[in-house]
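As structure tokens, the structure follows; a few thoughts come after it.
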Amino acid sequence: MREKVFKTLDEQITILKDKGLIIDDEENVKEVLLRENYFFISGYRHLFMKSYKDTNFIKGTTFRELYAMFLFDRGIRNIFFKYILIVENNMKSIFSYSLSKKYGYRDKDYLNLHNFSQDPMKVRQVKDVLSKMKRQIRLNGTQHTATQHYIQHYGYIPLWILVKVLSFGIISELYSILKVEDQLTIAKHYNLDVETLSIYLSLLANFRNVCAHEDILYEHRTQRVIPDTRFHRALNIEMTDDEYNYGKNDLFALMIILKQLLTEEEFRGLVVEIGYEIDVLDGYVDVVPINQILNKIGFPDNWRDILDLD
């Protein structure tokens with residue numbers, strides 16, 4: 001197995017230049033590489049490569065363009081993260097209200113095994129999710145301000161407080177173990193069916209983790225795919241072998257999800273902010289057409305039209 005060897009800033013620059021990258025101001029590039037990390041910036045270079053086999057940069061590619069792509073990804077990552085958090089907060093509120101109303105507000109009541117799916121195939125999953133939730137009560141009971149207050153003054157933690165310390169991943173799992181009638185109650189808030197909302201929650205949790213850990217976002221793909229929607233059809237997204245090329249497990253799939261879970265005003269804000277980042281990138285990158293970058297993200301050329309669809 002080959003060993004990765006430490007490279008100085010000068011050596012990192014030499015590697016990039018040997019690959020055909022144009023660097024006009026080496027001192028500035030050194031500062032950027034030191035501050036941002038060569039590994040993460042170079043993670044965007046394949047977009048500017050001649051081909052998968054020829055890893056040299058397309059003729060004329062500048063460091064300015066490579067860095068612009070890095071900053072673009074950071075920009076849209078922060079934007080998507082902000083709007084996913086809005087959905088997360090809404091979901092937690094709806095979950096806690098619906099379940100507390102039906103099963104009670106004391107943890108010994110709402111975490112009762114009988115409140116969840118009785119499907120024999122889900123017994124282990126139910127116990128596992130409830131165990132995770134009870135663990136959060138133990139961990140945060142005396143550490144988190146809100147949970148500490150309820151433990152000290154009331155001796156229990158209501159669900160509307162507990163959800164604040166639960167990860168989106170656990171919320172997604174929680175939905176999957178609810179009784180069907182409770183899943184329906186929550187899904188109706190978004191005019192979705194149970195299975196679709198379950199898939200949406202799974203993808204949202206996945207994208208949230210990518211954003212939170214500052215991983216490369218623009219080309220991220222999830223294992224699960226969302227069902228075909230009216231938005232796919234209305235935008236006339238291209239198909240291959242009866243499958244839509246965009247909007248299934250990519251960033252445009254996330255856009256489609258957020259279109260249905262955010263308010264109209266919130267979604268408009270998302271589109272405007274993402275559109276601004278795309279326009280800025282278009283002004284910096286010349287060697288790769290912006291529509292090619294959009295397609296790499298999973299966005300069809302007419303992606304902005306989703307804003308005006310019902």
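Letters A, B, ... go to the chains of the structure tokens in the order shown; residues in each chain start at 1; ligands are counted from 1 in the same order.
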
Secondary structure check, helix (DSSP H, G or I) residues of region 26-272 of chain A, as a PyMOL selection string: chain A and resi 26-36+38-42+45-48+63-103+107-110+113-115+120-140+145-153+159-165+168-177+180-188+194-212+230-234+251-261+264-272

Quick one: residues within 8 Å of Ile84 (chain A), only C-alpha atoms, excluding same-chain residues fewer than 4 positions away - as a PDB file with C-alpha atoms, in the first residue's frame?
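Done, and the output landed in around_26.pdb:
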ATOM      1  CA  PHE A  80     -29.012  24.472   2.565  1.00  0.00           C
ATOM      2  CA  GLU A  88     -35.914  20.212  11.456  1.00  0.00           C
ATOM      3  CA  LEU A 204     -32.847  15.351   4.967  1.00  0.00           C
ATOM      4  CA  ARG A 208     -27.882  17.643   7.124  1.00  0.00           C
ATOM      5  CA  LEU A 258     -37.719  21.624   0.658  1.00  0.00           C
TER       6      LEU A 258
END

Hey, could you make a per-residue contact list for region 194-222 of chain A against region 285-309 of chain A with 10 Å as the cut-off, showing the nearest pair of atoms and its distance in Å to one decimal, counting only C-alpha atoms, sorted by chain and number, as a Markdown table?
| residue | atom | partner | partner_atom | distance |
| --- | --- | --- | --- | --- |
| A:Leu217 | CA | A:Ile297 | CA | 8.5 |
| A:Tyr218 | CA | A:Ile297 | CA | 5.1 |
| A:Glu219 | CA | A:Ile297 | CA | 5.2 |
| A:His220 | CA | A:Ile297 | CA | 7.9 |
| A:Arg221 | CA | A:Gly298 | CA | 9.2 |

Pairwise distance for CA of Asn56 (chain A) and CA of Leu16 (chain A), rounded to one decimal in Å: 9.0 Å

Can I get the residues of region 67-97 of chain A within 12 Å of region 32-39 of chain A, each with the closest pair of atoms and their distance in Å to one decimal, using only C-alpha atoms, sorted chain first then ascending number, as JSON lines?
{"residue": "A:Tyr67", "atom": "CA", "partner": "A:Val32", "partner_atom": "CA", "distance": 8.7}
{"residue": "A:Ala68", "atom": "CA", "partner": "A:Val32", "partner_atom": "CA", "distance": 11.7}
{"residue": "A:Phe70", "atom": "CA", "partner": "A:Glu36", "partner_atom": "CA", "distance": 9.5}
{"residue": "A:Leu71", "atom": "CA", "partner": "A:Glu36", "partner_atom": "CA", "distance": 10.1}
{"residue": "A:Arg74", "atom": "CA", "partner": "A:Glu36", "partner_atom": "CA", "distance": 11.2}

Using C-alpha atoms, can you export the residues from the last selection as a short mmCIF file (atom, residue, chain, number, x, y, z; two decimals), in the first residue's frame?
data_model
loop_
_atom_site.label_atom_id
_atom_site.label_comp_id
_atom_site.auth_asym_id
_atom_site.auth_seq_id
_atom_site.Cartn_x
_atom_site.Cartn_y
_atom_site.Cartn_z
CA TYR A 67 -10.99 28.18 -5.39
CA ALA A 68 -14.26 29.75 -6.61
CA PHE A 70 -14.59 25.52 -3.32
CA LEU A 71 -16.20 28.75 -2.06
CA ARG A 74 -19.21 26.27 1.02
#

Residue contacts of Met69 (chain A) (10 Å, only C-alpha atoms) excluding same-chain residues fewer than 3 positions away, as a list of chain:residue names: A:Ile41, A:Tyr44, A:Arg45, A:Leu47, A:Phe48, A:Phe63, A:Arg64, A:Glu65, A:Leu66, A:Phe72, A:Asp73, A:Arg74, A:Gly75, A:Tyr218, A:Ile278, A:Leu281, A:Asp282, A:Tyr284, A:Val285, A:Ile293

Near-His189 (chain A) list (10 Å; only C-alpha atoms; drop same-chain fewer than 2 positions) as a PDB file with C-alpha atoms, in the first residue's frame:
ATOM      1  CA  MET A  91     -40.698  18.662  12.334  1.00  0.00           C
ATOM      2  CA  ILE A  94     -45.119  18.836  15.004  1.00  0.00           C
ATOM      3  CA  LEU A 184     -50.584   9.764   8.868  1.00  0.00           C
ATOM      4  CA  THR A 185     -51.347  12.569  11.302  1.00  0.00           C
ATOM      5  CA  ILE A 186     -47.857  14.013  10.849  1.00  0.00           C
ATOM      6  CA  ALA A 187     -47.705  13.428   7.082  1.00  0.00           C
ATOM      7  CA  ASN A 191     -49.920  16.899   2.324  1.00  0.00           C
ATOM      8  CA  LEU A 192     -47.663  13.883   1.840  1.00  0.00           C
ATOM      9  CA  LEU A 261     -41.737  21.315   3.506  1.00  0.00           C
TER      10      LEU A 261
END

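Taking only C-alpha atoms, the non-local environment of Lys164 (chain A) within 12 Å (same-chain residues fewer than 5 positions away omitted) comprises Leu85, Glu88, Asn89, Asn90, Met91, Lys92, Ser93, Phe95, Ser96, Met133, Gln136, Ile137, Asn140, His144, Thr145, Ala146, Thr147, Ile157, Pro158, Leu159, Ile170 and Ile171 of chain A.
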
Which of A:Asp54, A:Glu238, A:Asp310, A:Glu243 sits closest to Gln260 (chain A) [using only C-alpha atoms]: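 When distances to Gln260 (chain A) are compared using only C-alpha atoms, the smallest one comes from A:Asp310.
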
Option closest in space to Ser98 (chain A), from A:Val210, A:Tyr110, A:Lys59, A:Asp24 [counting only C-alpha atoms]: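 Of A:Val210, A:Tyr110, A:Lys59, A:Asp24, the one nearest Ser98 (chain A), counting only C-alpha atoms, is A:Tyr110.
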
Strand (DSSP E) positions in region 140-296 of chain A, given as a ChimeraX atom specification: /A:239-240,243-244
